[in-house]
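To start, the structure itself, in structure tokens.
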Amino acid sequence: MNMKKLLFTCLLLAGGITGMEEINAQSVSVTMTTDRGFDNPAIIERMQQNLSKVLTEINAAQKENRHLNMVGLPLNDFAAKSLSMLWANVHFYCDDEEVVDRCWVFEDGYMLRRIPLIITPQGEQFGSGAYQEAVAEFDRNGIVKDFRFGFDAQLSESMERCGPVVELERRMKILSYCDRFRTAYNTKDLDFLQQVFSDDALIITGKVINAKSGEKNTSIPKVIYESQTKQQYLNNLQRAFLRNKWIDVKFSQIGDSGETGGCPGITRSSENPDMYGVRLRQEWNSSNYSDVGYIFLLWDFKDENSPVIHVRTWQPEWVGGEKLPDEEIFTLSDFNL
């Protein structure tokens, strides 16, 4: 368990945090570490100050139980919308006076992962717990261009250190878009999901039924699969968004290994090098429904800045009291490219 998450849990159990009135809004400083060879202290200082302003405003808004004041914050339109949608779904704050983490340097900008947040739901428990980690992305000028919930630390470390299936920048791009995909469910962002699924996307969903067996008229649990078009899936998802006060989707674990070794849960097509299969374990929690299962996403990165999903599958983790066998979980090899 992440040390911060463990400490927060211990404080709760010990009665160290007894009510929201005891949480003081605090300013947050940010320190970014960089790899050797990167020498641009001016941009690092600018990003540190910009993210500090954003996190300090989040803490003040949470303390005062108000809307975020976006005026003057160093956010572009996309980041402001993303942060506003997160805030509309659930409030949170950064409980660290100083956030220290690695700055990822890419051709088109920068990224800071593992920003510690404490979720503060009003009136009911939120999803998978009080602790979340956020991701901030910056443009080349140091302006925040995205703010979203991210994978947990253990999962993102697995992605960052994985083998030679893809180069580092592409691997982190995949990670970023999986972050955004997950956050779109949390923020009920149908516009993003409309854009990220290709027009001819195939949506496959498995469900467990009890099939009759000829022997002694018994029932045997089995998984059957139904397919939907993109529009059918989005229509059903919109109804789910309306039924649920909040939704918390979490990617807590990637599959044990890629099909050819290398990066856990990620495989690259040998026929089309722009196609990547990503297999994830998904926990879906909402105000009136929860489930756990495996999803497989077939990403097309032909357009580096606007990748699309051609296939999304979901399968239950458990079938009749037993885990779904690994060989039955969808992977890239199950789809002809």
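Please note that chains go A, B, ... in the order of the structure tokens, that every chain numbers its residues from 1, and that ligands are numbered from 1 in the order shown.
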Who sits within 12 Å of A:Asp35, only C-alpha atoms, same chain under 2 positions skipped, as a list in words: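 The residues that qualify are Met32, Thr33, Gly37, Phe38, Asp39, Asn40, Asp101, Arg102, Cys103, Trp104, Val105 and Phe106 of chain A.
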DSSP says alpha helix (DSSP H) for which residues of stretch 17-199 of chain A? Put them as an MDAnalysis selection string? chainID A and resid 41:64 77:89 153:161 168:186 190:196
Polymer residues at most 8 Å from stretch 185-188 of chain A, only C-alpha atoms, same-chain spacing of 3 or more positions, as JSON, numbers by chain: {"A": [85, 86, 88, 89, 181, 182, 241, 246, 247, 248, 249]}
Keeping only C-alpha atoms, write the selected residues to a file as an mmCIF file, in the first residue's frame.
```
data_model
loop_
_atom_site.group_PDB
_atom_site.id
_atom_site.type_symbol
_atom_site.label_atom_id
_atom_site.label_comp_id
_atom_site.auth_asym_id
_atom_site.auth_seq_id
_atom_site.Cartn_x
_atom_site.Cartn_y
_atom_site.Cartn_z
ATOM 1 C CA MET A 85 -15.975 18.224 -14.578
ATOM 2 C CA LEU A 86 -13.995 16.382 -11.913
ATOM 3 C CA ALA A 88 -18.719 18.654 -10.352
ATOM 4 C CA ASN A 89 -18.570 14.920 -9.668
ATOM 5 C CA PHE A 181 -10.503 7.187 -20.801
ATOM 6 C CA ARG A 182 -10.917 6.206 -17.155
ATOM 7 C CA PHE A 241 -24.772 8.362 -16.042
ATOM 8 C CA TRP A 246 -21.365 9.494 -8.910
ATOM 9 C CA ILE A 247 -19.198 6.991 -10.772
ATOM 10 C CA ASP A 248 -15.696 5.856 -9.828
ATOM 11 C CA VAL A 249 -13.853 3.745 -12.389
#
```
Check the smallest atom-to-atom distance from each of A:Asn76, A:Asn59, A:Gln48, A:Thr313 to A:Leu112 using only C-alpha atoms, then report the winner.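 Smallest distance to A:Leu112 is found for A:Gln48.
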Provide the atom CA of A:Ala134 to atom CA of A:Ile204 distance in Å, to one decimal place.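 Between these atoms lies a distance of 29.3 Å.
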List every residue of stretch 23-211 of chain A that DSSP, applied to the backbone of this structure, places in strand (DSSP E), and write the result as a ChimeraX atom specification. /A:29-33,92-93,98-106,109-119,131-138,144-149,197-211
Resulting file, chosen residues, C-alpha atoms, as a compact mmCIF listing (two decimals), in the first residue's frame:
```txt
# COMPACT_ATOMS: atom_id res chain seq x y z
CA SER A 29 4.48 23.96 -3.30
CA VAL A 30 5.63 21.75 -6.18
CA THR A 31 9.12 20.42 -6.86
CA MET A 32 9.85 18.65 -10.13
CA THR A 33 12.89 16.42 -10.57
CA PHE A 92 -10.98 16.68 -3.19
CA TYR A 93 -7.88 18.37 -1.84
CA GLU A 98 4.93 19.96 -0.98
CA VAL A 99 4.46 17.69 -3.98
CA VAL A 100 7.72 16.21 -5.25
CA ASP A 101 7.81 13.97 -8.30
CA ARG A 102 9.51 13.30 -11.61
CA CYS A 103 8.80 15.53 -14.58
CA TRP A 104 8.35 13.51 -17.77
CA VAL A 105 9.71 15.40 -20.78
CA PHE A 106 8.10 14.79 -24.16
CA GLY A 109 5.11 19.01 -23.46
CA TYR A 110 5.60 17.74 -19.93
CA MET A 111 3.84 15.52 -17.41
CA LEU A 112 3.76 15.14 -13.63
CA ARG A 113 2.14 12.02 -12.21
CA ARG A 114 1.23 10.93 -8.66
CA ILE A 115 -0.25 14.13 -7.27
CA PRO A 116 -1.79 12.96 -3.96
CA LEU A 117 -5.45 13.82 -3.46
CA ILE A 118 -7.94 13.04 -0.72
CA ILE A 119 -11.53 12.63 -1.91
CA TYR A 131 -7.20 8.35 -1.81
CA GLN A 132 -6.64 9.16 -5.49
CA GLU A 133 -3.68 10.28 -7.53
CA ALA A 134 -3.90 12.94 -10.20
CA VAL A 135 -1.90 13.67 -13.35
CA ALA A 136 -1.06 17.13 -14.68
CA GLU A 137 0.15 17.73 -18.22
CA PHE A 138 1.77 20.96 -19.43
CA VAL A 144 -1.44 23.19 -17.52
CA LYS A 145 -3.18 21.50 -20.46
CA ASP A 146 -4.84 18.61 -18.61
CA PHE A 147 -5.68 17.64 -15.03
CA ARG A 148 -7.22 14.24 -14.40
CA PHE A 149 -7.27 11.24 -12.11
CA PHE A 197 -14.45 5.59 -30.00
CA SER A 198 -14.16 5.17 -33.76
CA ASP A 199 -17.43 5.33 -35.71
CA ASP A 200 -17.28 1.60 -36.41
CA ALA A 201 -16.14 0.63 -32.90
CA LEU A 202 -17.05 -2.84 -31.69
CA ILE A 203 -18.26 -3.06 -28.09
CA ILE A 204 -18.40 -6.56 -26.56
CA THR A 205 -19.82 -7.23 -23.10
CA GLY A 206 -19.85 -10.55 -21.29
CA LYS A 207 -22.37 -11.61 -18.68
CA VAL A 208 -22.71 -14.72 -16.57
CA ILE A 209 -25.75 -16.96 -17.04
CA ASN A 210 -26.64 -20.38 -15.63
CA ALA A 211 -26.76 -22.83 -18.51
```
What does the distance from atom CA of A:Arg171 to atom CA of A:Arg36 come to in Å, to one decimal?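 Answer for the atom CA of A:Arg171 to atom CA of A:Arg36 separation: 20.4 Å.
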Surrounding residues of A:Arg46 excluding itself and chain neighbours under 4 positions, 10 Å, only C-alpha atoms, as a list in words: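 Those residues are Pro41, Ala42, Asn50, Leu51, Ser52, Pro74, Asn141, Gly142 and Ile143 of chain A.
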Take the residues from that selection and write them out as a short mmCIF file (atom, residue, chain, number, x, y, z; two decimals), in the first residue's frame, keeping C-alpha atoms.
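After the write, result09.cif holds the following:
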```
data_model
loop_
_atom_site.label_atom_id
_atom_site.label_comp_id
_atom_site.auth_asym_id
_atom_site.auth_seq_id
_atom_site.Cartn_x
_atom_site.Cartn_y
_atom_site.Cartn_z
CA PRO A 41 15.33 25.64 -15.15
CA ALA A 42 13.04 28.46 -16.34
CA ASN A 50 1.57 27.06 -12.14
CA LEU A 51 0.68 23.72 -10.60
CA SER A 52 1.14 25.20 -7.12
CA PRO A 74 -2.68 28.91 -15.59
CA ASN A 141 5.14 27.01 -22.32
CA GLY A 142 4.39 25.44 -18.95
CA ILE A 143 0.61 26.04 -18.99
#
```
Need to verify the contact set: stretch 270-283 of chain A, 8 Å, only C-alpha atoms, exclusion of same-chain residues closer than 4 positions in sequence. Can you return it as a JSON list (two decimals) with N, CA and C atoms, in the first residue's frame?
```
[["chain", "number", "residue", "atom", "x", "y", "z"],
["A", 249, "VAL", "N", -14.48, 4.84, -11.65],
["A", 249, "VAL", "CA", -13.85, 3.74, -12.39],
["A", 249, "VAL", "C", -12.38, 3.74, -12.05],
["A", 250, "LYS", "N", -11.86, 2.56, -11.73],
["A", 250, "LYS", "CA", -10.45, 2.43, -11.34],
["A", 250, "LYS", "C", -9.81, 1.29, -12.12],
["A", 251, "PHE", "N", -8.66, 1.55, -12.70],
["A", 251, "PHE", "CA", -7.84, 0.52, -13.33],
["A", 251, "PHE", "C", -6.77, 0.12, -12.31],
["A", 252, "SER", "N", -6.97, -1.00, -11.65],
["A", 252, "SER", "CA", -6.12, -1.33, -10.51],
["A", 252, "SER", "C", -5.00, -2.31, -10.84],
["A", 253, "GLN", "N", -5.05, -2.91, -12.00],
["A", 253, "GLN", "CA", -4.03, -3.93, -12.31],
["A", 253, "GLN", "C", -4.02, -4.19, -13.79],
["A", 254, "ILE", "N", -2.84, -4.33, -14.36],
["A", 254, "ILE", "CA", -2.72, -4.72, -15.76],
["A", 254, "ILE", "C", -2.45, -6.21, -15.81],
["A", 255, "GLY", "N", -2.85, -6.85, -16.90],
["A", 255, "GLY", "CA", -2.63, -8.27, -17.05],
["A", 255, "GLY", "C", -1.19, -8.67, -16.82],
["A", 265, "GLY", "N", 0.45, -6.18, -20.17],
["A", 265, "GLY", "CA", -0.86, -5.77, -20.61],
["A", 265, "GLY", "C", -0.91, -5.00, -21.91],
["A", 266, "ILE", "N", 0.23, -4.67, -22.51],
["A", 266, "ILE", "CA", 0.25, -3.90, -23.75],
["A", 266, "ILE", "C", 0.91, -4.73, -24.84],
["A", 290, "SER", "N", -22.03, -1.82, -8.75],
["A", 290, "SER", "CA", -20.59, -2.07, -8.73],
["A", 290, "SER", "C", -20.29, -3.39, -9.44],
["A", 291, "ASP", "N", -19.14, -3.47, -10.09],
["A", 291, "ASP", "CA", -18.67, -4.73, -10.63],
["A", 291, "ASP", "C", -17.16, -4.68, -10.82],
["A", 292, "VAL", "N", -16.56, -5.85, -11.03],
["A", 292, "VAL", "CA", -15.13, -5.97, -11.29],
["A", 292, "VAL", "C", -14.96, -6.89, -12.50],
["A", 293, "GLY", "N", -14.13, -6.49, -13.43],
["A", 293, "GLY", "CA", -13.92, -7.32, -14.60],
["A", 293, "GLY", "C", -12.68, -6.89, -15.36],
["A", 294, "TYR", "N", -12.51, -7.47, -16.53],
["A", 294, "TYR", "CA", -11.36, -7.16, -17.38],
["A", 294, "TYR", "C", -11.84, -6.42, -18.63],
["A", 295, "ILE", "N", -11.14, -5.38, -18.99],
["A", 295, "ILE", "CA", -11.45, -4.74, -20.26],
["A", 295, "ILE", "C", -10.23, -4.85, -21.18],
["A", 296, "PHE", "N", -10.51, -4.94, -22.45],
["A", 296, "PHE", "CA", -9.47, -4.91, -23.48],
["A", 296, "PHE", "C", -9.80, -3.76, -24.41],
["A", 297, "LEU", "N", -8.81, -2.92, -24.70],
["A", 297, "LEU", "CA", -8.97, -1.78, -25.59],
["A", 297, "LEU", "C", -8.02, -1.92, -26.77],
["A", 298, "LEU", "N", -8.54, -1.79, -27.97],
["A", 298, "LEU", "CA", -7.71, -1.78, -29.18],
["A", 298, "LEU", "C", -7.58, -0.33, -29.63],
["A", 299, "TRP", "N", -6.40, 0.24, -29.38],
["A", 299, "TRP", "CA", -6.13, 1.64, -29.70],
["A", 299, "TRP", "C", -5.47, 1.76, -31.07],
["A", 300, "ASP", "N", -5.86, 2.79, -31.80],
["A", 300, "ASP", "CA", -5.24, 3.14, -33.08],
["A", 300, "ASP", "C", -4.56, 4.49, -32.92],
["A", 301, "PHE", "N", -3.22, 4.49, -32.96],
["A", 301, "PHE", "CA", -2.44, 5.71, -32.78],
["A", 301, "PHE", "C", -1.92, 6.26, -34.10],
["A", 302, "LYS", "N", -2.66, 6.04, -35.19],
["A", 302, "LYS", "CA", -2.24, 6.60, -36.48],
["A", 302, "LYS", "C", -2.15, 8.12, -36.38],
["A", 330, "PHE", "N", -9.73, -11.57, -23.38],
["A", 330, "PHE", "CA", -9.43, -11.07, -24.72],
["A", 330, "PHE", "C", -8.07, -10.39, -24.78],
["A", 331, "THR", "N", -7.37, -10.63, -25.89],
["A", 331, "THR", "CA", -6.09, -9.97, -26.16],
["A", 331, "THR", "C", -6.06, -9.56, -27.63],
["A", 332, "LEU", "N", -4.97, -8.98, -28.04],
["A", 332, "LEU", "CA", -4.83, -8.49, -29.42],
["A", 332, "LEU", "C", -4.99, -9.63, -30.43],
["A", 337, "LEU", "N", -6.51, -7.70, -37.66],
["A", 337, "LEU", "CA", -6.22, -6.29, -38.00],
["A", 337, "LEU", "C", -5.94, -6.15, -39.49]]
```
What lies within 12 Å of A:Pro325 using only C-alpha atoms, ignoring chain neighbours under 4 positions off, as a list in words? Val223, Gly255, Tyr294, Gln315, Pro316, Glu317, Trp318, Val319, Ile329 and Phe330 of chain A
I need the residue nearest A:Ser27 from this list: A:Ala61, A:Arg170, A:Ser227, A:Leu190. Use only C-alpha atoms for the distance.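 That would be A:Ala61, the residue with the smallest distance to A:Ser27.
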Pick the closest to A:Val196 from A:Leu55, A:Val308, A:Val28, A:Leu75: which is it, counting only C-alpha atoms?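 Of A:Leu55, A:Val308, A:Val28, A:Leu75, the one nearest A:Val196, counting only C-alpha atoms, is A:Val308.
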Nearest to A:Val90 by atom-to-atom distance, counting only C-alpha atoms, from A:Lys245, A:Tyr177, A:Tyr233, A:Ser219: A:Lys245
Using Å and a single decimal, report how far atom CA of A:Glu304 sits from atom CA of A:Arg268.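 The value is 14.9 Å.
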Could you list, as a list in words, every residue within 12 Å of A:Ala60, counting only C-alpha atoms and ignoring same-chain residues fewer than 3 positions away?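 Residues meeting the cut-off are Ile23, Asn24, Ala25, Gln26, Ser27, Val28, Lys53, Val54, Leu55, Thr56, Glu57, Lys63, Glu64, Asn65, Arg66, His67, Leu68, Asn69, His91, Phe92, Tyr93, Cys94 and Asp95 of chain A.
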